[in-house]
>>> print(open('query10.pdb').read())   # PDB, C-alpha atoms
ATOM      1  CA  MET A  88       0.000   0.000   0.000  1.00  0.00           C
ATOM      2  CA  ALA A  89       1.531   3.326  -1.065  1.00  0.00           C
ATOM      3  CA  LYS A  90       0.674   6.549   0.763  1.00  0.00           C
ATOM      4  CA  ALA A  91       1.351  10.206   0.036  1.00  0.00           C
ATOM      5  CA  ILE A  92       1.551  12.205   3.281  1.00  0.00           C
ATOM      6  CA  TRP A  93       1.992  15.927   3.813  1.00  0.00           C
ATOM      7  CA  ASN A  94       1.693  17.972   6.964  1.00  0.00           C
ATOM      8  CA  GLY A  95       0.625  14.847   8.869  1.00  0.00           C
ATOM      9  CA  VAL A  96      -2.321  14.083   6.569  1.00  0.00           C
ATOM     10  CA  VAL A  97      -2.690  11.199   4.107  1.00  0.00           C
ATOM     11  CA  ILE A  98      -3.314  12.858   0.733  1.00  0.00           C
ATOM     12  CA  ALA A  99      -3.448   9.609  -1.276  1.00  0.00           C
ATOM     13  CA  GLU A 100      -3.427   5.883  -0.558  1.00  0.00           C
ATOM     14  CA  SER A 101      -3.455   3.014  -3.026  1.00  0.00           C
ATOM     15  CA  PRO A 102      -2.203  -0.556  -3.426  1.00  0.00           C
ATOM     16  CA  LYS A 103      -1.788   0.145  -7.159  1.00  0.00           C
ATOM     17  CA  THR A 104       0.460   3.020  -8.155  1.00  0.00           C
ATOM     18  CA  VAL A 105       2.395   3.374 -11.391  1.00  0.00           C
ATOM     19  CA  LEU A 106       6.113   3.891 -10.759  1.00  0.00           C
ATOM     20  CA  ILE A 107       7.837   6.024 -13.403  1.00  0.00           C
ATOM     21  CA  GLU A 108      11.216   7.692 -13.009  1.00  0.00           C
ATOM     22  CA  GLY A 109      11.099   7.125  -9.253  1.00  0.00           C
ATOM     23  CA  ASN A 110       7.687   8.769  -8.849  1.00  0.00           C
ATOM     24  CA  HIS A 111       4.561   6.964  -7.666  1.00  0.00           C
ATOM     25  CA  TYR A 112       1.510   7.994  -9.699  1.00  0.00           C
ATOM     26  CA  PHE A 113      -1.639   7.404  -7.675  1.00  0.00           C
ATOM     27  CA  PRO A 114      -4.977   6.634  -9.343  1.00  0.00           C
ATOM     28  CA  ARG A 115      -7.130   9.782  -9.146  1.00  0.00           C
ATOM     29  CA  GLU A 116      -9.851   7.923  -7.233  1.00  0.00           C
ATOM     30  CA  SER A 117      -7.338   7.173  -4.442  1.00  0.00           C
ATOM     31  CA  VAL A 118      -6.466  10.856  -3.927  1.00  0.00           C
ATOM     32  CA  ASN A 119      -8.257  13.011  -1.347  1.00  0.00           C
ATOM     33  CA  MET A 120      -9.067  15.824  -3.773  1.00  0.00           C
ATOM     34  CA  GLU A 121     -10.366  18.025  -0.948  1.00  0.00           C
ATOM     35  CA  TYR A 122      -6.708  18.921  -0.240  1.00  0.00           C
ATOM     36  CA  LEU A 123      -5.805  19.761  -3.856  1.00  0.00           C
ATOM     37  CA  HIS A 124      -6.391  23.090  -5.575  1.00  0.00           C
ATOM     38  CA  ASN A 125      -5.835  23.817  -9.260  1.00  0.00           C
ATOM     39  CA  SER A 126      -2.699  25.683 -10.181  1.00  0.00           C
ATOM     40  CA  SER A 127      -1.995  27.632 -13.364  1.00  0.00           C
ATOM     41  CA  SER A 128       1.462  26.010 -13.640  1.00  0.00           C
ATOM     42  CA  HIS A 129       2.369  23.722 -16.543  1.00  0.00           C
ATOM     43  CA  THR A 130       5.528  21.995 -17.695  1.00  0.00           C
ATOM     44  CA  ILE A 131       6.398  19.843 -20.691  1.00  0.00           C
ATOM     45  CA  CYS A 132       7.932  16.379 -20.643  1.00  0.00           C
ATOM     46  CA  PRO A 133       9.202  15.255 -24.060  1.00  0.00           C
ATOM     47  CA  TRP A 134       7.752  11.757 -23.744  1.00  0.00           C
ATOM     48  CA  LYS A 135       4.812  12.195 -21.317  1.00  0.00           C
ATOM     49  CA  GLY A 136       3.360  15.482 -22.587  1.00  0.00           C
ATOM     50  CA  GLN A 137       2.135  18.595 -20.795  1.00  0.00           C
ATOM     51  CA  ALA A 138       1.840  18.365 -17.018  1.00  0.00           C
ATOM     52  CA  SER A 139      -0.638  20.351 -14.963  1.00  0.00           C
ATOM     53  CA  TYR A 140      -0.270  21.015 -11.248  1.00  0.00           C
ATOM     54  CA  TYR A 141      -2.200  21.187  -8.021  1.00  0.00           C
ATOM     55  CA  SER A 142      -1.213  22.962  -4.831  1.00  0.00           C
ATOM     56  CA  ILE A 143      -1.880  21.086  -1.607  1.00  0.00           C
ATOM     57  CA  GLU A 144      -3.538  22.791   1.348  1.00  0.00           C
ATOM     58  CA  VAL A 145      -3.645  21.146   4.776  1.00  0.00           C
ATOM     59  CA  ASN A 146      -4.462  22.882   8.058  1.00  0.00           C
ATOM     60  CA  GLY A 147      -4.033  26.325   6.493  1.00  0.00           C
ATOM     61  CA  GLN A 148      -0.600  25.573   5.036  1.00  0.00           C
ATOM     62  CA  VAL A 149      -0.083  25.531   1.263  1.00  0.00           C
ATOM     63  CA  ASN A 150       2.474  23.490  -0.649  1.00  0.00           C
ATOM     64  CA  LYS A 151       2.462  25.169  -4.070  1.00  0.00           C
ATOM     65  CA  ASP A 152       2.505  22.922  -7.135  1.00  0.00           C
ATOM     66  CA  ALA A 153       3.271  19.852  -5.010  1.00  0.00           C
ATOM     67  CA  ALA A 154       1.147  17.478  -7.139  1.00  0.00           C
ATOM     68  CA  TRP A 155       1.104  16.980 -10.881  1.00  0.00           C
ATOM     69  CA  TYR A 156      -0.713  15.017 -13.524  1.00  0.00           C
ATOM     70  CA  TYR A 157      -0.929  14.675 -17.296  1.00  0.00           C
ATOM     71  CA  PRO A 158      -4.429  15.532 -18.560  1.00  0.00           C
ATOM     72  CA  GLN A 159      -3.655  14.015 -21.965  1.00  0.00           C
ATOM     73  CA  PRO A 160      -0.462  11.967 -21.728  1.00  0.00           C
ATOM     74  CA  LYS A 161       1.341  10.973 -24.899  1.00  0.00           C
ATOM     75  CA  PRO A 162       0.877   7.333 -26.006  1.00  0.00           C
ATOM     76  CA  ALA A 163       4.150   6.232 -24.368  1.00  0.00           C
ATOM     77  CA  ALA A 164       2.776   7.355 -20.994  1.00  0.00           C
ATOM     78  CA  ARG A 165      -0.848   6.274 -21.335  1.00  0.00           C
ATOM     79  CA  GLU A 166      -0.584   4.168 -18.154  1.00  0.00           C
ATOM     80  CA  ILE A 167      -0.569   7.384 -16.059  1.00  0.00           C
ATOM     81  CA  THR A 168      -3.861   8.648 -17.475  1.00  0.00           C
ATOM     82  CA  ASP A 169      -6.004   9.766 -14.485  1.00  0.00           C
ATOM     83  CA  HIS A 170      -3.065   9.453 -12.082  1.00  0.00           C
ATOM     84  CA  ILE A 171      -1.465  12.067  -9.810  1.00  0.00           C
ATOM     85  CA  ALA A 172       2.122  12.230  -8.494  1.00  0.00           C
ATOM     86  CA  PHE A 173       3.605  14.235  -5.635  1.00  0.00           C
ATOM     87  CA  TRP A 174       6.850  15.986  -4.663  1.00  0.00           C
ATOM     88  CA  ARG A 175       8.077  19.081  -2.747  1.00  0.00           C
ATOM     89  CA  GLY A 176       8.117  17.522   0.677  1.00  0.00           C
ATOM     90  CA  VAL A 177       5.208  15.122   0.239  1.00  0.00           C
ATOM     91  CA  LYS A 178       6.399  11.892   1.845  1.00  0.00           C
ATOM     92  CA  ILE A 179       5.733   8.735  -0.123  1.00  0.00           C
ATOM     93  CA  GLU A 180       5.526   5.510   1.877  1.00  0.00           C
ATOM     94  CA  ALA A 181       5.588   2.500  -0.388  1.00  0.00           C
TER      95      ALA A 181
END
>>> encode(input="query10.pdb", output="structure tokens")
Amino acid sequence: MAKAIWNGVVIAESPKTVLIEGNHYFPRESVNMEYLHNSSSHTICPWKGQASYYSIEVNGQVNKDAAWYYPQPKPAAREITDHIAFWRGVKIEA
């Protein structure tokens, strides 16, 4: 069971994550979306496509752009469709 934890709160928990480049991508349905807020940030990965970001807010503290996902991943990364990954201090227990 993999967990994403920030500020003492479990943000996501799933027995089935997709591990790519050292990052656990959690199925969207396993993520507590109440803690995520849309961000206007975007980046480009040459083989996965354009990433979009969420900021995480827990107990009044914000971790800007600490979660990302690919709304329309390229074919090589189709396995992370509807998955979300975390960084910037979000602890992943796998």
>>> residues_around(input="query10.pdb", residues="His124 of chain A", least_positions_apart="3", cutoff="10 Å", atoms="only C-alpha atoms", output="ChimeraX atom specification")
/A:120-121,140-144,149,151-152,154
>>> resolve_selection(input="query10.pdb", expression="the PyMOL selection byres ((chain A and resi 115) around 10)", output="PyMOL selection string")
chain A and resi 99+101+112-114+116-120+156+167-172
>>> write_last_selection(input="query10.pdb", atoms="C-alpha atoms", output="short mmCIF file (atom, residue, chain, number, x, y, z; two decimals), in the coordinates of the input")
data_model
loop_
_atom_site.label_atom_id
_atom_site.label_comp_id
_atom_site.auth_asym_id
_atom_site.auth_seq_id
_atom_site.Cartn_x
_atom_site.Cartn_y
_atom_site.Cartn_z
CA ALA A 99 -3.45 9.61 -1.28
CA SER A 101 -3.46 3.01 -3.03
CA TYR A 112 1.51 7.99 -9.70
CA PHE A 113 -1.64 7.40 -7.68
CA PRO A 114 -4.98 6.63 -9.34
CA GLU A 116 -9.85 7.92 -7.23
CA SER A 117 -7.34 7.17 -4.44
CA VAL A 118 -6.47 10.86 -3.93
CA ASN A 119 -8.26 13.01 -1.35
CA MET A 120 -9.07 15.82 -3.77
CA TYR A 156 -0.71 15.02 -13.52
CA ILE A 167 -0.57 7.38 -16.06
CA THR A 168 -3.86 8.65 -17.48
CA ASP A 169 -6.00 9.77 -14.48
CA HIS A 170 -3.06 9.45 -12.08
CA ILE A 171 -1.46 12.07 -9.81
CA ALA A 172 2.12 12.23 -8.49
#
>>> atom_distance(input="query10.pdb", atom1="atom CA of Ala163 of chain A", atom2="atom CA of Asn150 of chain A")
29.4 Å
>>> atom_distance(input="query10.pdb", atom1="atom CA of Leu106 of chain A", atom2="atom CA of Tyr122 of chain A")
22.4 Å
>>> atom_distance(input="query10.pdb", atom1="atom CA of Pro162 of chain A", atom2="atom CA of Glu180 of chain A")
28.3 Å
>>> resolve_selection(input="query10.pdb", expression="the PyMOL selection byres ((chain A and resi 133) around 12)", output="list in words")
Thr130, Ile131, Cys132, Trp134, Lys135, Gly136, Gln137, Ala138, Pro160, Lys161, Pro162, Ala163 and Ala164 of chain A
>>> residues_around(input="query10.pdb", residues="Val96 of chain A", least_positions_apart="5", cutoff="10 Å", atoms="all atoms listed in the file", output="ChimeraX atom specification")
/A:90-91,119,122,145-146,177
>>> residues_near_point(input="query10.pdb", point="(7.1, 10.9, -7.6)", cutoff="7 Å", atoms="all atoms listed in the file", output="PyMOL selection string")
chain A and resi 109-112+172-174
>>> decode(input="query10.pdb", residues="chain A", atoms="C-alpha atoms", output="compact mmCIF listing (two decimals), in the first residue's frame")
# COMPACT_ATOMS: atom_id res chain seq x y z
CA MET A 88 0.00 0.00 0.00
CA ALA A 89 1.53 3.33 -1.07
CA LYS A 90 0.67 6.55 0.76
CA ALA A 91 1.35 10.21 0.04
CA ILE A 92 1.55 12.20 3.28
CA TRP A 93 1.99 15.93 3.81
CA ASN A 94 1.69 17.97 6.96
CA GLY A 95 0.62 14.85 8.87
CA VAL A 96 -2.32 14.08 6.57
CA VAL A 97 -2.69 11.20 4.11
CA ILE A 98 -3.31 12.86 0.73
CA ALA A 99 -3.45 9.61 -1.28
CA GLU A 100 -3.43 5.88 -0.56
CA SER A 101 -3.46 3.01 -3.03
CA PRO A 102 -2.20 -0.56 -3.43
CA LYS A 103 -1.79 0.15 -7.16
CA THR A 104 0.46 3.02 -8.16
CA VAL A 105 2.39 3.37 -11.39
CA LEU A 106 6.11 3.89 -10.76
CA ILE A 107 7.84 6.02 -13.40
CA GLU A 108 11.22 7.69 -13.01
CA GLY A 109 11.10 7.12 -9.25
CA ASN A 110 7.69 8.77 -8.85
CA HIS A 111 4.56 6.96 -7.67
CA TYR A 112 1.51 7.99 -9.70
CA PHE A 113 -1.64 7.40 -7.68
CA PRO A 114 -4.98 6.63 -9.34
CA ARG A 115 -7.13 9.78 -9.15
CA GLU A 116 -9.85 7.92 -7.23
CA SER A 117 -7.34 7.17 -4.44
CA VAL A 118 -6.47 10.86 -3.93
CA ASN A 119 -8.26 13.01 -1.35
CA MET A 120 -9.07 15.82 -3.77
CA GLU A 121 -10.37 18.02 -0.95
CA TYR A 122 -6.71 18.92 -0.24
CA LEU A 123 -5.80 19.76 -3.86
CA HIS A 124 -6.39 23.09 -5.57
CA ASN A 125 -5.84 23.82 -9.26
CA SER A 126 -2.70 25.68 -10.18
CA SER A 127 -2.00 27.63 -13.36
CA SER A 128 1.46 26.01 -13.64
CA HIS A 129 2.37 23.72 -16.54
CA THR A 130 5.53 22.00 -17.69
CA ILE A 131 6.40 19.84 -20.69
CA CYS A 132 7.93 16.38 -20.64
CA PRO A 133 9.20 15.25 -24.06
CA TRP A 134 7.75 11.76 -23.74
CA LYS A 135 4.81 12.20 -21.32
CA GLY A 136 3.36 15.48 -22.59
CA GLN A 137 2.13 18.59 -20.80
CA ALA A 138 1.84 18.36 -17.02
CA SER A 139 -0.64 20.35 -14.96
CA TYR A 140 -0.27 21.02 -11.25
CA TYR A 141 -2.20 21.19 -8.02
CA SER A 142 -1.21 22.96 -4.83
CA ILE A 143 -1.88 21.09 -1.61
CA GLU A 144 -3.54 22.79 1.35
CA VAL A 145 -3.65 21.15 4.78
CA ASN A 146 -4.46 22.88 8.06
CA GLY A 147 -4.03 26.32 6.49
CA GLN A 148 -0.60 25.57 5.04
CA VAL A 149 -0.08 25.53 1.26
CA ASN A 150 2.47 23.49 -0.65
CA LYS A 151 2.46 25.17 -4.07
CA ASP A 152 2.50 22.92 -7.13
CA ALA A 153 3.27 19.85 -5.01
CA ALA A 154 1.15 17.48 -7.14
CA TRP A 155 1.10 16.98 -10.88
CA TYR A 156 -0.71 15.02 -13.52
CA TYR A 157 -0.93 14.67 -17.30
CA PRO A 158 -4.43 15.53 -18.56
CA GLN A 159 -3.66 14.01 -21.97
CA PRO A 160 -0.46 11.97 -21.73
CA LYS A 161 1.34 10.97 -24.90
CA PRO A 162 0.88 7.33 -26.01
CA ALA A 163 4.15 6.23 -24.37
CA ALA A 164 2.78 7.35 -20.99
CA ARG A 165 -0.85 6.27 -21.33
CA GLU A 166 -0.58 4.17 -18.15
CA ILE A 167 -0.57 7.38 -16.06
CA THR A 168 -3.86 8.65 -17.48
CA ASP A 169 -6.00 9.77 -14.49
CA HIS A 170 -3.06 9.45 -12.08
CA ILE A 171 -1.47 12.07 -9.81
CA ALA A 172 2.12 12.23 -8.49
CA PHE A 173 3.61 14.24 -5.63
CA TRP A 174 6.85 15.99 -4.66
CA ARG A 175 8.08 19.08 -2.75
CA GLY A 176 8.12 17.52 0.68
CA VAL A 177 5.21 15.12 0.24
CA LYS A 178 6.40 11.89 1.84
CA ILE A 179 5.73 8.73 -0.12
CA GLU A 180 5.53 5.51 1.88
CA ALA A 181 5.59 2.50 -0.39
